[in-house]
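Source file my_file25.txt; content: compact mmCIF, C-alpha atoms.
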```txt
# COMPACT_ATOMS: atom_id res chain seq x y z
CA MET L 1 100.99 134.51 92.71
CA SER L 2 103.52 131.94 93.94
CA TYR L 3 102.43 128.63 95.46
CA ILE L 4 103.70 129.93 98.82
CA GLU L 5 101.35 132.91 98.63
CA ALA L 6 98.54 130.70 97.35
CA SER L 7 99.06 128.21 100.19
CA GLU L 8 98.84 131.01 102.74
CA LYS L 9 95.61 132.22 101.10
CA GLY L 10 94.09 128.77 101.61
CA TYR L 11 94.42 127.11 98.20
CA ALA L 12 94.51 123.37 98.89
CA ASP L 13 96.56 122.47 95.80
CA ALA L 14 99.20 125.01 96.76
CA GLN L 15 99.22 123.73 100.34
CA PHE L 16 99.80 120.22 99.02
CA PHE L 17 102.72 121.32 96.84
CA ARG L 18 104.16 123.35 99.70
CA ALA L 19 104.03 120.24 101.89
CA ILE L 20 105.95 118.26 99.29
CA TYR L 21 108.52 121.05 99.04
CA CYS L 22 108.96 121.02 102.82
CA PHE L 23 109.31 117.24 102.93
CA ARG L 24 112.00 117.37 100.24
CA LYS L 25 113.91 119.92 102.29
CA GLY L 26 113.63 117.71 105.39
CA GLU L 27 111.22 120.10 107.10
CA ASN L 28 108.87 117.32 108.15
CA GLU L 29 106.87 119.17 110.78
CA GLU L 30 106.24 122.09 108.44
CA GLY L 31 105.37 119.67 105.65
CA ARG L 32 102.85 117.83 107.82
CA LYS L 33 101.28 121.17 108.78
CA TRP L 34 100.68 122.13 105.13
CA LEU L 35 99.60 118.65 104.14
CA ASP L 36 97.10 118.58 107.00
CA LYS L 37 95.63 121.88 105.78
CA ALA L 38 95.09 120.38 102.31
CA VAL L 39 93.62 117.22 103.86
CA GLN L 40 91.19 119.27 105.94
CA GLN L 41 89.99 120.96 102.75
CA GLY L 42 89.25 117.56 101.23
CA LEU L 43 91.98 117.40 98.59
CA ALA L 44 91.97 113.71 97.63
CA VAL L 45 95.63 113.50 96.60
CA ALA L 46 96.60 114.99 99.97
CA GLN L 47 94.37 112.53 101.81
CA HIS L 48 95.99 109.66 99.93
CA MET L 49 99.46 110.97 100.72
CA MET L 50 98.54 111.36 104.40
CA GLY L 51 97.28 107.77 104.38
CA SER L 52 100.59 106.62 102.93
CA ILE L 53 102.49 108.59 105.54
CA TYR L 54 100.58 106.97 108.40
CA ARG L 55 100.69 103.52 106.80
CA ASN L 56 104.48 103.65 106.37
CA GLY L 57 105.55 105.86 109.26
CA TRP L 58 107.18 108.47 107.01
CA TYR L 59 108.35 112.00 107.83
CA GLY L 60 108.60 111.46 111.56
CA VAL L 61 105.07 110.10 111.99
CA GLU L 62 104.43 106.88 113.88
CA LYS L 63 102.66 104.19 111.92
CA ASN L 64 98.93 104.32 112.55
CA LYS L 65 96.72 101.90 110.62
CA GLY L 66 93.54 103.64 111.75
CA LEU L 67 94.58 107.07 110.50
CA ALA L 68 96.00 105.54 107.33
CA PHE L 69 92.69 103.80 106.68
CA LEU L 70 90.66 106.94 107.43
CA ASN L 71 92.67 109.10 105.04
CA GLU L 72 92.73 106.47 102.30
CA SER L 73 88.95 106.01 102.67
CA MET L 74 88.30 109.71 102.23
CA ALA L 75 90.52 109.84 99.14
CA ALA L 76 89.10 106.62 97.66
CA GLN L 77 85.53 107.84 97.99
CA LYS L 78 86.53 110.89 95.94
CA GLY L 79 87.84 108.66 93.17
CA ASN L 80 91.58 108.71 93.94
CA ILE L 81 92.70 105.55 92.16
CA PRO L 82 95.83 104.76 94.22
CA ALA L 83 93.77 105.21 97.39
CA GLN L 84 91.10 102.86 96.04
CA MET L 85 93.74 100.24 95.49
CA GLU L 86 95.29 100.75 98.93
CA LEU L 87 91.85 100.53 100.51
CA GLY L 88 91.19 97.29 98.64
CA LEU L 89 94.46 95.87 99.91
CA ALA L 90 93.69 96.98 103.47
CA TYR L 91 90.33 95.23 103.37
CA GLY L 92 92.00 92.14 101.94
CA LEU L 93 94.57 92.07 104.72
CA ALA L 94 91.68 92.28 107.21
CA ASP L 95 90.00 89.27 105.50
CA GLN L 96 87.09 91.50 104.42
CA TYR L 97 87.22 90.25 100.87
CA LYS L 98 83.88 91.56 99.56
CA ASP L 99 84.93 95.09 100.48
CA ALA L 100 88.39 94.41 99.04
CA VAL L 101 86.87 93.33 95.73
CA GLU L 102 84.63 96.41 95.63
CA TRP L 103 87.57 98.82 95.93
CA LEU L 104 89.95 96.81 93.76
CA ARG L 105 87.28 96.71 91.06
CA LYS L 106 86.91 100.50 91.19
CA ALA L 107 90.66 100.95 90.82
CA ALA L 108 90.80 98.36 88.03
CA GLU L 109 87.91 100.00 86.16
CA SER L 110 89.91 103.23 86.27
CA GLY L 111 92.82 101.49 84.57
CA ASN L 112 95.09 100.58 87.48
CA SER L 113 97.14 97.63 86.27
CA GLU L 114 98.14 96.47 89.72
CA ALA L 115 94.51 96.44 90.84
CA HIS L 116 93.78 94.08 87.92
CA ILE L 117 96.33 91.65 89.33
CA TYR L 118 94.95 91.75 92.88
CA LEU L 119 91.39 91.48 91.62
CA GLY L 120 92.50 88.55 89.47
CA MET L 121 93.88 86.89 92.61
CA CYS L 122 90.48 87.30 94.27
CA TYR L 123 88.82 85.51 91.34
CA GLU L 124 91.54 82.89 91.21
CA GLU L 125 91.17 82.04 94.90
CA GLY L 126 87.45 82.79 95.34
CA LEU L 127 88.03 85.58 97.85
CA GLY L 128 84.99 87.86 98.08
CA VAL L 129 83.71 86.53 94.74
CA GLU L 130 82.91 83.13 93.32
CA ARG L 131 86.05 81.43 92.00
CA ASP L 132 86.28 82.11 88.28
CA TYR L 133 89.48 81.18 86.49
CA ASN L 134 88.31 82.71 83.23
CA GLU L 135 87.75 86.10 84.87
CA ALA L 136 91.13 85.82 86.60
CA LEU L 137 92.76 85.14 83.23
CA LYS L 138 91.08 88.19 81.68
CA LEU L 139 92.32 90.41 84.50
CA TYR L 140 95.87 89.06 84.39
CA ASP L 141 95.92 89.31 80.60
CA TRP L 142 94.75 92.94 80.70
CA SER L 143 97.53 93.83 83.13
CA PHE L 144 100.17 92.03 81.11
CA GLU L 145 99.04 93.57 77.81
CA ARG L 146 99.14 97.03 79.33
CA ASP L 147 102.38 96.90 81.32
CA HIS L 148 104.09 93.63 80.38
CA ASN L 149 104.01 92.93 84.09
CA LYS L 150 105.93 89.78 85.02
CA THR L 151 103.63 89.12 87.99
CA ALA L 152 100.59 89.12 85.69
CA SER L 153 102.32 86.76 83.28
CA GLU L 154 103.25 84.33 86.05
CA ALA L 155 99.74 84.49 87.50
CA TYR L 156 98.26 83.78 84.07
CA ARG L 157 100.44 80.69 83.70
CA ARG L 158 99.55 79.57 87.23
CA VAL L 159 95.82 79.72 86.45
CA ILE L 160 96.32 77.83 83.18
CA GLU L 161 98.03 75.05 85.18
CA LYS L 162 95.18 74.99 87.70
CA MET L 163 92.67 74.68 84.86
CA LYS L 164 94.54 71.64 83.49
CA GLN L 165 94.23 69.77 86.78
```
Mind converting the file's structure to structure tokens?
Amino acid sequence: MSYIEASEKGYADAQFFRAIYCFRKGENEEGRKWLDKAVQQGLAVAQHMMGSIYRNGWYGVEKNKGLAFLNESMAAQKGNIPAQMELGLAYGLADQYKDAVEWLRKAAESGNSEAHIYLGMCYEEGLGVERDYNEALKLYDWSFERDHNKTASEAYRRVIEKMKQ
């Protein structure tokens, strides 16, 4: 069975892949239709993608923070790591740091290097957690060791300088 047949029979994974195929061909309305079907079935990767679409205003959709947040929340609660990170960032931007830390920690515990950096920033600045330079250093170091991320390296050095003062 092809993914087109599977999508028409209601398989969420096939609907998701059909949406991507449509988007690549520039068939945005058709793509959104198939993506929405996968979202309605609770496919976390589709919910995350829909959140990204609304957050960025892609594929002919107007930006909508509320719908972006709703879709990312659904995906994050199902364990979608990129959605957990995006949700953490959204809470951080809304100055809801305890919630931001909760979601960034989940993403970091799943191995997301970027989440380690943002969580490190929370510890460095005392946002949603008690300021803890040692914990910030551990998080930055983990990210650098994994990905040789320049941002993590610079953050590590920044914390070392703060500790000297």
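For the pair CA of His116 (chain L) and CA of Ser143 (chain L), the interatomic distance is 6.1 Å.
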If I put a ball of radius 9 Å at (97.9, 97.7, 81.3) in the file's coordinates, which residues poke into it when counting only C-alpha atoms, written as a ChimeraX atom specification?
/L:111-114,116,141-149
Compile the contact shell of Asn71 (chain L) as a list in words: residues with an atom at most 9 Å away, counting only C-alpha atoms, same-chain residues fewer than 6 positions apart removed.
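Everything that qualifies: Val39, Ala44, Ala46, Gln47, His48, Met49, Met50, Gly51, Ser52, Tyr54 and Ala83 of chain L.
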Could you name the residues that touch Leu43 (chain L) at 12 Å or less, counting only C-alpha atoms, but leaving out those on the same chain fewer than 4 positions away, as a PyMOL selection string?
chain L and resi 10-17+34-39+47-50+71-72+74-80
Up to 10 Å from (90.5, 98.6, 94.7) in the file's coordinates: name the residues, counting only C-alpha atoms, as a JSON list (two decimals) with C-alpha atoms, in the coordinates of the input.
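Saved to part-v7.json:
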```json
[["chain", "number", "residue", "atom", "x", "y", "z"],
["L", 76, "ALA", "CA", 89.10, 106.62, 97.66],
["L", 81, "ILE", "CA", 92.70, 105.55, 92.16],
["L", 82, "PRO", "CA", 95.83, 104.76, 94.22],
["L", 83, "ALA", "CA", 93.77, 105.21, 97.39],
["L", 84, "GLN", "CA", 91.10, 102.86, 96.04],
["L", 85, "MET", "CA", 93.74, 100.24, 95.49],
["L", 86, "GLU", "CA", 95.29, 100.75, 98.93],
["L", 87, "LEU", "CA", 91.85, 100.53, 100.51],
["L", 88, "GLY", "CA", 91.19, 97.29, 98.64],
["L", 89, "LEU", "CA", 94.46, 95.87, 99.91],
["L", 90, "ALA", "CA", 93.69, 96.98, 103.47],
["L", 91, "TYR", "CA", 90.33, 95.23, 103.37],
["L", 92, "GLY", "CA", 92.00, 92.14, 101.94],
["L", 99, "ASP", "CA", 84.93, 95.09, 100.48],
["L", 100, "ALA", "CA", 88.39, 94.41, 99.04],
["L", 101, "VAL", "CA", 86.87, 93.33, 95.73],
["L", 102, "GLU", "CA", 84.63, 96.41, 95.63],
["L", 103, "TRP", "CA", 87.57, 98.82, 95.93],
["L", 104, "LEU", "CA", 89.95, 96.81, 93.76],
["L", 105, "ARG", "CA", 87.28, 96.71, 91.06],
["L", 106, "LYS", "CA", 86.91, 100.50, 91.19],
["L", 107, "ALA", "CA", 90.66, 100.95, 90.82],
["L", 108, "ALA", "CA", 90.80, 98.36, 88.03],
["L", 109, "GLU", "CA", 87.91, 100.00, 86.16],
["L", 110, "SER", "CA", 89.91, 103.23, 86.27],
["L", 112, "ASN", "CA", 95.09, 100.58, 87.48],
["L", 114, "GLU", "CA", 98.14, 96.47, 89.72],
["L", 115, "ALA", "CA", 94.51, 96.44, 90.84],
["L", 116, "HIS", "CA", 93.78, 94.08, 87.92],
["L", 118, "TYR", "CA", 94.95, 91.75, 92.88],
["L", 119, "LEU", "CA", 91.39, 91.48, 91.62]]
```
Considering only C-alpha atoms, return as a PyMOL selection string whatever protein or nucleic-acid residues lie within 8 Å of Gly60 (chain L), sequence-local ones (same chain, fewer than 3 positions apart) excluded.
chain L and resi 28-29+57
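For the pair CA of Cys22 (chain L) and CA of Val45 (chain L), the separation is 16.5 Å.
When CA of Glu130 (chain L) is paired with CA of Phe69 (chain L), their separation reads 26.5 Å.
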Return the padded bounding box of region 133-141 of chain L as AutoDock Vina command-line options: axis-aligned, built from all atoms listed in the file, 4 Å added on each side, with centre and edge lengths in Å to one decimal.
```
--center_x 91.8 --center_y 85.8 --center_z 83.6 --size_x 16.2 --size_y 17.2 --size_z 14.0
```
For Met121 (chain L), please output as a ChimeraX atom specification all residues within 12 Å (counting only C-alpha atoms; exclusion window: fewer than 4 positions along the same chain).
/L:89,92,97,100-101,104-105,114-117,125-140,151-152,154-156,158-159
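Comparing L:Ser73, L:Arg32, L:Tyr123, L:Gly26 by their smallest distance to Val61 (chain L), the closest is L:Arg32 (using all atoms listed in the file).
Distances here use all atoms listed in the file; by that measure, the residue among L:Ser7, L:Cys122, L:Gln40, L:Tyr59 closest to Arg24 (chain L) is L:Tyr59.
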